[in-house]
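First comes the structure, then the notes that go with it.
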Amino acid sequence: MTIKELETRLGIDRATVRYYEKEGLLIPERKRNGYRDYSEDDAATLEKIALLRQLGLSIEMIRAIQQGQMPLGLALERQA
């Protein structure tokens, strides 16, 4: 799906999506023409990131969770 479709579906603006890409939290596939092609897994990842950000977790903590360096429960305990 395109970034426009992702924006509409999730209500996350394109600048935020690009920021998460820049931070390495989201890595969409690229089409032959170089355009990003967001998958259902990418959409699910964005939803999780958005939820964790609403809970107050930092980008660094989210990255650690994604990389398996910190369990979600521990990150949430530290945040509380």
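Residues are named by chain letter and number: chains run A, B, ... in the order of the structure tokens, numbers start at 1 in each chain, and ligands are numbered from 1 in the order shown.
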Members of chain A assigned alpha helix (DSSP H) by DSSP, as a compact mmCIF listing (two decimals) with all heavy atoms, in the first residue's frame:
# COMPACT_ATOMS: atom_id res chain seq x y z
N ILE A 3 1.89 5.28 0.98
CA ILE A 3 1.89 6.03 2.23
C ILE A 3 0.57 6.77 2.42
O ILE A 3 0.09 6.91 3.53
CB ILE A 3 3.11 6.98 2.33
CG1 ILE A 3 3.28 7.44 3.78
CG2 ILE A 3 2.98 8.13 1.36
CD1 ILE A 3 4.61 8.05 4.09
N LYS A 4 -0.03 7.19 1.32
CA LYS A 4 -1.34 7.86 1.39
C LYS A 4 -2.39 6.90 1.95
O LYS A 4 -3.19 7.28 2.81
CB LYS A 4 -1.73 8.35 0.00
CG LYS A 4 -3.09 8.98 -0.10
CD LYS A 4 -3.00 10.43 0.23
CE LYS A 4 -4.34 11.08 -0.09
NZ LYS A 4 -4.58 12.21 0.74
N GLU A 5 -2.38 5.67 1.47
CA GLU A 5 -3.33 4.67 1.97
C GLU A 5 -3.07 4.37 3.44
O GLU A 5 -4.01 4.22 4.23
CB GLU A 5 -3.22 3.38 1.15
CG GLU A 5 -3.69 3.54 -0.28
CD GLU A 5 -3.30 2.37 -1.17
OE1 GLU A 5 -2.25 1.74 -0.94
OE2 GLU A 5 -4.07 2.10 -2.11
N LEU A 6 -1.81 4.33 3.81
CA LEU A 6 -1.44 4.08 5.20
C LEU A 6 -1.90 5.23 6.09
O LEU A 6 -2.46 4.99 7.17
CB LEU A 6 0.08 3.93 5.28
CG LEU A 6 0.68 3.25 6.49
CD1 LEU A 6 0.17 1.83 6.65
CD2 LEU A 6 2.18 3.25 6.39
N GLU A 7 -1.70 6.45 5.63
CA GLU A 7 -2.15 7.64 6.37
C GLU A 7 -3.65 7.58 6.63
O GLU A 7 -4.11 7.81 7.74
CB GLU A 7 -1.89 8.90 5.55
CG GLU A 7 -0.56 9.53 5.70
CD GLU A 7 -0.50 10.81 4.90
OE1 GLU A 7 -0.61 10.76 3.66
OE2 GLU A 7 -0.36 11.86 5.53
N THR A 8 -4.39 7.31 5.57
CA THR A 8 -5.85 7.27 5.65
C THR A 8 -6.31 6.16 6.58
O THR A 8 -7.19 6.36 7.42
CB THR A 8 -6.46 7.08 4.25
OG1 THR A 8 -6.01 8.15 3.42
CG2 THR A 8 -7.98 7.06 4.30
N ARG A 9 -5.72 5.02 6.44
CA ARG A 9 -6.14 3.84 7.22
C ARG A 9 -5.84 3.98 8.71
O ARG A 9 -6.67 3.64 9.55
CB ARG A 9 -5.44 2.62 6.66
CG ARG A 9 -5.78 1.35 7.37
CD ARG A 9 -5.18 0.19 6.64
NE ARG A 9 -5.15 -0.97 7.49
CZ ARG A 9 -4.62 -2.11 7.15
NH1 ARG A 9 -4.07 -2.26 5.97
NH2 ARG A 9 -4.62 -3.12 7.97
N LEU A 10 -4.66 4.49 9.04
CA LEU A 10 -4.23 4.53 10.44
C LEU A 10 -4.36 5.90 11.10
O LEU A 10 -4.25 6.00 12.32
CB LEU A 10 -2.77 4.05 10.56
CG LEU A 10 -2.47 2.66 10.05
CD1 LEU A 10 -1.00 2.34 10.22
CD2 LEU A 10 -3.32 1.63 10.77
N ARG A 14 2.11 11.43 7.27
CA ARG A 14 3.28 10.94 6.54
C ARG A 14 4.60 11.36 7.16
O ARG A 14 5.57 10.62 7.12
CB ARG A 14 3.15 11.30 5.07
CG ARG A 14 3.87 12.43 4.53
CD ARG A 14 3.64 12.71 3.05
NE ARG A 14 2.31 12.36 2.61
CZ ARG A 14 2.02 11.75 1.46
NH1 ARG A 14 2.97 11.48 0.60
NH2 ARG A 14 0.79 11.45 1.14
N ALA A 15 4.64 12.54 7.77
CA ALA A 15 5.89 12.97 8.42
C ALA A 15 6.24 12.04 9.57
O ALA A 15 7.42 11.72 9.78
CB ALA A 15 5.75 14.40 8.91
N THR A 16 5.26 11.58 10.30
CA THR A 16 5.49 10.66 11.41
C THR A 16 5.96 9.31 10.89
O THR A 16 6.88 8.71 11.44
CB THR A 16 4.21 10.51 12.25
OG1 THR A 16 3.82 11.80 12.73
CG2 THR A 16 4.41 9.58 13.42
N VAL A 17 5.33 8.83 9.82
CA VAL A 17 5.75 7.57 9.21
C VAL A 17 7.20 7.66 8.76
O VAL A 17 8.02 6.77 9.04
CB VAL A 17 4.83 7.18 8.02
CG1 VAL A 17 5.35 5.94 7.32
CG2 VAL A 17 3.39 6.98 8.48
N ARG A 18 7.55 8.75 8.10
CA ARG A 18 8.94 8.94 7.63
C ARG A 18 9.92 9.01 8.81
O ARG A 18 11.03 8.50 8.73
CB ARG A 18 9.04 10.22 6.79
CG ARG A 18 8.25 10.21 5.51
CD ARG A 18 9.00 9.48 4.42
NE ARG A 18 8.37 9.73 3.15
CZ ARG A 18 7.61 8.85 2.51
NH1 ARG A 18 7.39 7.67 3.03
NH2 ARG A 18 7.07 9.15 1.34
N TYR A 19 9.49 9.65 9.89
CA TYR A 19 10.34 9.73 11.08
C TYR A 19 10.63 8.34 11.63
O TYR A 19 11.78 8.01 11.94
CB TYR A 19 9.67 10.61 12.14
CG TYR A 19 10.41 10.63 13.45
CD1 TYR A 19 11.62 11.30 13.57
CD2 TYR A 19 9.92 9.94 14.56
CE1 TYR A 19 12.32 11.31 14.78
CE2 TYR A 19 10.60 9.94 15.76
CZ TYR A 19 11.80 10.63 15.86
OH TYR A 19 12.48 10.62 17.05
N TYR A 20 9.61 7.50 11.74
CA TYR A 20 9.81 6.14 12.24
C TYR A 20 10.71 5.34 11.29
O TYR A 20 11.50 4.53 11.74
CB TYR A 20 8.48 5.42 12.45
CG TYR A 20 7.63 6.02 13.55
CD1 TYR A 20 6.25 5.99 13.49
CD2 TYR A 20 8.20 6.62 14.67
CE1 TYR A 20 5.47 6.53 14.50
CE2 TYR A 20 7.44 7.16 15.68
CZ TYR A 20 6.07 7.12 15.59
OH TYR A 20 5.29 7.66 16.60
N GLU A 21 10.59 5.60 10.00
CA GLU A 21 11.49 4.95 9.04
C GLU A 21 12.93 5.41 9.28
O GLU A 21 13.86 4.60 9.32
CB GLU A 21 11.09 5.29 7.61
CG GLU A 21 9.84 4.59 7.14
CD GLU A 21 9.45 5.00 5.73
OE1 GLU A 21 10.33 5.44 4.95
OE2 GLU A 21 8.25 4.89 5.42
N LYS A 22 13.10 6.71 9.45
CA LYS A 22 14.44 7.28 9.67
C LYS A 22 15.07 6.70 10.94
O LYS A 22 16.28 6.46 10.99
CB LYS A 22 14.35 8.80 9.77
CG LYS A 22 15.68 9.50 9.87
CD LYS A 22 15.50 10.99 10.00
CE LYS A 22 15.91 11.33 11.41
NZ LYS A 22 15.69 12.61 11.90
N GLU A 40 0.88 -5.26 5.18
CA GLU A 40 0.01 -5.37 6.35
C GLU A 40 0.84 -5.44 7.63
O GLU A 40 0.45 -4.90 8.66
CB GLU A 40 -0.90 -6.60 6.23
CG GLU A 40 -1.97 -6.48 5.15
CD GLU A 40 -2.95 -5.35 5.41
OE1 GLU A 40 -3.31 -5.11 6.58
OE2 GLU A 40 -3.35 -4.70 4.43
N ASP A 41 1.99 -6.10 7.56
CA ASP A 41 2.88 -6.16 8.72
C ASP A 41 3.39 -4.77 9.08
O ASP A 41 3.51 -4.44 10.27
CB ASP A 41 4.07 -7.09 8.45
CG ASP A 41 3.69 -8.56 8.47
OD1 ASP A 41 2.62 -8.90 9.04
OD2 ASP A 41 4.47 -9.37 7.94
N ASP A 42 3.70 -3.95 8.07
CA ASP A 42 4.14 -2.57 8.33
C ASP A 42 3.03 -1.79 9.02
O ASP A 42 3.29 -1.03 9.96
CB ASP A 42 4.54 -1.87 7.03
CG ASP A 42 5.79 -2.45 6.41
OD1 ASP A 42 6.67 -2.93 7.15
OD2 ASP A 42 5.89 -2.43 5.16
N ALA A 43 1.80 -1.97 8.56
CA ALA A 43 0.66 -1.28 9.17
C ALA A 43 0.51 -1.71 10.63
O ALA A 43 0.30 -0.87 11.52
CB ALA A 43 -0.62 -1.55 8.39
N ALA A 44 0.63 -3.01 10.89
CA ALA A 44 0.53 -3.51 12.27
C ALA A 44 1.66 -2.95 13.13
O ALA A 44 1.43 -2.57 14.29
CB ALA A 44 0.55 -5.03 12.27
N THR A 45 2.86 -2.88 12.57
CA THR A 45 4.00 -2.31 13.30
C THR A 45 3.74 -0.86 13.65
O THR A 45 3.99 -0.43 14.78
CB THR A 45 5.30 -2.44 12.47
OG1 THR A 45 5.57 -3.83 12.27
CG2 THR A 45 6.47 -1.78 13.15
N LEU A 46 3.22 -0.10 12.71
CA LEU A 46 2.90 1.30 12.97
C LEU A 46 1.85 1.45 14.05
O LEU A 46 1.94 2.35 14.90
CB LEU A 46 2.43 2.00 11.69
CG LEU A 46 3.51 2.56 10.81
CD1 LEU A 46 2.92 3.07 9.49
CD2 LEU A 46 4.25 3.68 11.51
N GLU A 47 0.85 0.60 14.03
CA GLU A 47 -0.18 0.65 15.08
C GLU A 47 0.44 0.39 16.45
O GLU A 47 0.12 1.07 17.42
CB GLU A 47 -1.27 -0.38 14.80
CG GLU A 47 -2.19 0.02 13.65
CD GLU A 47 -3.23 -1.03 13.35
OE1 GLU A 47 -2.89 -2.24 13.29
OE2 GLU A 47 -4.40 -0.63 13.16
N LYS A 48 1.34 -0.58 16.53
CA LYS A 48 2.01 -0.89 17.80
C LYS A 48 2.87 0.29 18.26
O LYS A 48 2.86 0.64 19.44
CB LYS A 48 2.87 -2.14 17.65
CG LYS A 48 2.07 -3.41 17.51
CD LYS A 48 2.98 -4.59 17.22
CE LYS A 48 2.18 -5.80 16.79
NZ LYS A 48 3.04 -6.89 16.31
N ILE A 49 3.62 0.86 17.33
CA ILE A 49 4.46 2.01 17.67
C ILE A 49 3.60 3.15 18.20
O ILE A 49 3.92 3.76 19.22
CB ILE A 49 5.29 2.47 16.45
CG1 ILE A 49 6.34 1.41 16.09
CG2 ILE A 49 5.97 3.80 16.74
CD1 ILE A 49 7.00 1.64 14.74
N ALA A 50 2.50 3.43 17.51
CA ALA A 50 1.61 4.51 17.92
C ALA A 50 1.07 4.26 19.33
O ALA A 50 1.02 5.18 20.16
CB ALA A 50 0.48 4.68 16.92
N LEU A 51 0.69 3.04 19.61
CA LEU A 51 0.17 2.70 20.94
C LEU A 51 1.25 2.87 22.01
O LEU A 51 1.00 3.47 23.06
CB LEU A 51 -0.36 1.27 20.95
CG LEU A 51 -0.84 0.75 22.31
CD1 LEU A 51 -2.00 1.59 22.84
CD2 LEU A 51 -1.24 -0.70 22.20
N LEU A 52 2.44 2.38 21.73
CA LEU A 52 3.53 2.51 22.69
C LEU A 52 3.90 3.97 22.93
O LEU A 52 4.21 4.36 24.06
CB LEU A 52 4.74 1.70 22.23
CG LEU A 52 4.54 0.18 22.23
CD1 LEU A 52 5.74 -0.52 21.58
CD2 LEU A 52 4.29 -0.35 23.63
N ARG A 53 3.84 4.77 21.89
CA ARG A 53 4.12 6.21 22.05
C ARG A 53 3.03 6.86 22.90
O ARG A 53 3.33 7.71 23.73
CB ARG A 53 4.21 6.90 20.68
CG ARG A 53 5.41 6.48 19.85
CD ARG A 53 6.73 6.88 20.44
NE ARG A 53 6.90 8.31 20.29
CZ ARG A 53 7.64 9.07 21.07
NH1 ARG A 53 8.30 8.56 22.07
NH2 ARG A 53 7.73 10.37 20.87
N GLN A 54 1.77 6.46 22.70
CA GLN A 54 0.68 6.99 23.53
C GLN A 54 0.88 6.63 25.00
O GLN A 54 0.47 7.38 25.89
CB GLN A 54 -0.67 6.48 23.05
CG GLN A 54 -1.13 7.10 21.76
CD GLN A 54 -2.44 6.49 21.25
OE1 GLN A 54 -2.95 5.53 21.79
NE2 GLN A 54 -2.96 7.08 20.19
N ILE A 59 11.37 6.46 21.81
CA ILE A 59 11.80 5.78 20.58
C ILE A 59 12.87 4.74 20.91
O ILE A 59 12.85 3.63 20.38
CB ILE A 59 12.34 6.80 19.55
CG1 ILE A 59 11.24 7.77 19.10
CG2 ILE A 59 12.99 6.11 18.36
CD1 ILE A 59 10.09 7.11 18.37
N GLU A 60 13.77 5.08 21.81
CA GLU A 60 14.83 4.15 22.20
C GLU A 60 14.27 2.89 22.83
O GLU A 60 14.74 1.78 22.56
CB GLU A 60 15.83 4.83 23.15
CG GLU A 60 16.64 5.93 22.51
CD GLU A 60 15.85 7.24 22.33
OE1 GLU A 60 14.85 7.47 23.05
OE2 GLU A 60 16.22 8.02 21.45
N MET A 61 13.26 3.05 23.70
CA MET A 61 12.65 1.88 24.34
C MET A 61 11.91 1.02 23.31
O MET A 61 11.98 -0.21 23.36
CB MET A 61 11.71 2.30 25.46
CG MET A 61 12.43 2.80 26.68
SD MET A 61 11.28 3.07 28.03
CE MET A 61 11.75 1.69 29.06
N ILE A 62 11.21 1.67 22.40
CA ILE A 62 10.49 0.93 21.36
C ILE A 62 11.48 0.16 20.50
O ILE A 62 11.25 -1.00 20.16
CB ILE A 62 9.61 1.87 20.52
CG1 ILE A 62 8.50 2.47 21.39
CG2 ILE A 62 9.02 1.15 19.31
CD1 ILE A 62 7.71 3.58 20.75
N ARG A 63 12.59 0.79 20.16
CA ARG A 63 13.62 0.12 19.36
C ARG A 63 14.15 -1.11 20.12
O ARG A 63 14.30 -2.19 19.55
CB ARG A 63 14.76 1.08 19.05
CG ARG A 63 15.82 0.48 18.15
CD ARG A 63 16.94 1.45 17.80
NE ARG A 63 16.43 2.58 17.05
CZ ARG A 63 16.40 3.83 17.51
NH1 ARG A 63 16.85 4.12 18.71
NH2 ARG A 63 15.93 4.81 16.77
N ALA A 64 14.40 -0.96 21.42
CA ALA A 64 14.90 -2.08 22.23
C ALA A 64 13.88 -3.22 22.28
O ALA A 64 14.26 -4.39 22.21
CB ALA A 64 15.23 -1.59 23.64
N ILE A 65 12.61 -2.88 22.36
CA ILE A 65 11.55 -3.90 22.35
C ILE A 65 11.55 -4.63 21.01
O ILE A 65 11.52 -5.86 20.95
CB ILE A 65 10.17 -3.27 22.63
CG1 ILE A 65 10.11 -2.76 24.07
CG2 ILE A 65 9.05 -4.26 22.36
CD1 ILE A 65 8.96 -1.83 24.35
N GLN A 66 11.59 -3.87 19.92
CA GLN A 66 11.57 -4.47 18.58
C GLN A 66 12.77 -5.39 18.36
O GLN A 66 12.65 -6.42 17.71
CB GLN A 66 11.57 -3.39 17.49
CG GLN A 66 10.24 -2.77 17.23
CD GLN A 66 10.30 -1.84 16.03
OE1 GLN A 66 11.34 -1.27 15.70
NE2 GLN A 66 9.17 -1.67 15.37
N LEU A 72 8.57 -6.31 26.62
CA LEU A 72 7.55 -5.27 26.69
C LEU A 72 7.13 -5.00 28.14
O LEU A 72 7.00 -3.84 28.54
CB LEU A 72 6.32 -5.68 25.85
CG LEU A 72 5.14 -4.74 25.88
CD1 LEU A 72 5.53 -3.34 25.40
CD2 LEU A 72 4.00 -5.29 25.04
N GLY A 73 6.93 -6.06 28.91
CA GLY A 73 6.50 -5.89 30.30
C GLY A 73 7.48 -5.05 31.11
O GLY A 73 7.07 -4.18 31.88
N LEU A 74 8.76 -5.30 30.93
CA LEU A 74 9.79 -4.53 31.64
C LEU A 74 9.77 -3.07 31.21
O LEU A 74 9.88 -2.16 32.04
CB LEU A 74 11.17 -5.15 31.40
CG LEU A 74 12.35 -4.43 32.07
CD1 LEU A 74 12.17 -4.39 33.57
CD2 LEU A 74 13.66 -5.13 31.69
N ALA A 75 9.62 -2.84 29.91
CA ALA A 75 9.58 -1.45 29.41
C ALA A 75 8.38 -0.71 30.01
O ALA A 75 8.50 0.45 30.41
CB ALA A 75 9.49 -1.46 27.88
N LEU A 76 7.25 -1.38 30.08
CA LEU A 76 6.05 -0.75 30.64
C LEU A 76 6.20 -0.50 32.14
O LEU A 76 5.76 0.53 32.65
CB LEU A 76 4.82 -1.60 30.36
CG LEU A 76 4.43 -1.68 28.88
CD1 LEU A 76 3.28 -2.68 28.69
CD2 LEU A 76 4.06 -0.31 28.33
N GLU A 77 6.86 -1.43 32.86
CA GLU A 77 7.13 -1.22 34.29
C GLU A 77 8.01 -0.01 34.51
O GLU A 77 7.76 0.80 35.39
CB GLU A 77 7.82 -2.46 34.88
CG GLU A 77 6.89 -3.60 35.19
CD GLU A 77 7.66 -4.78 35.77
OE1 GLU A 77 8.74 -4.58 36.42
OE2 GLU A 77 7.18 -5.91 35.58
N ARG A 78 9.04 0.09 33.71
CA ARG A 78 9.96 1.24 33.83
C ARG A 78 9.25 2.55 33.52
O ARG A 78 9.55 3.57 34.12
CB ARG A 78 11.16 1.07 32.91
CG ARG A 78 12.12 0.03 33.38
CD ARG A 78 13.35 0.00 32.51
NE ARG A 78 14.28 -1.01 32.98
CZ ARG A 78 15.41 -1.29 32.38
NH1 ARG A 78 15.77 -0.65 31.29
NH2 ARG A 78 16.19 -2.24 32.87
N GLN A 79 8.33 2.51 32.57
CA GLN A 79 7.59 3.71 32.19
C GLN A 79 6.66 4.15 33.32
O GLN A 79 6.48 5.33 33.55
CB GLN A 79 6.80 3.49 30.90
CG GLN A 79 6.07 4.71 30.41
CD GLN A 79 6.98 5.88 30.15
OE1 GLN A 79 8.15 5.73 29.82
NE2 GLN A 79 6.47 7.08 30.34
Which of range 7-48 of chain A DSSP labels strand (DSSP E or B), written as a PyMOL selection string: chain A and resi 29-30+36-37
Separation of CA of Arg30 in chain A from CA of Gly11 in chain A in Å: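 So the answer is 22.1 Å.
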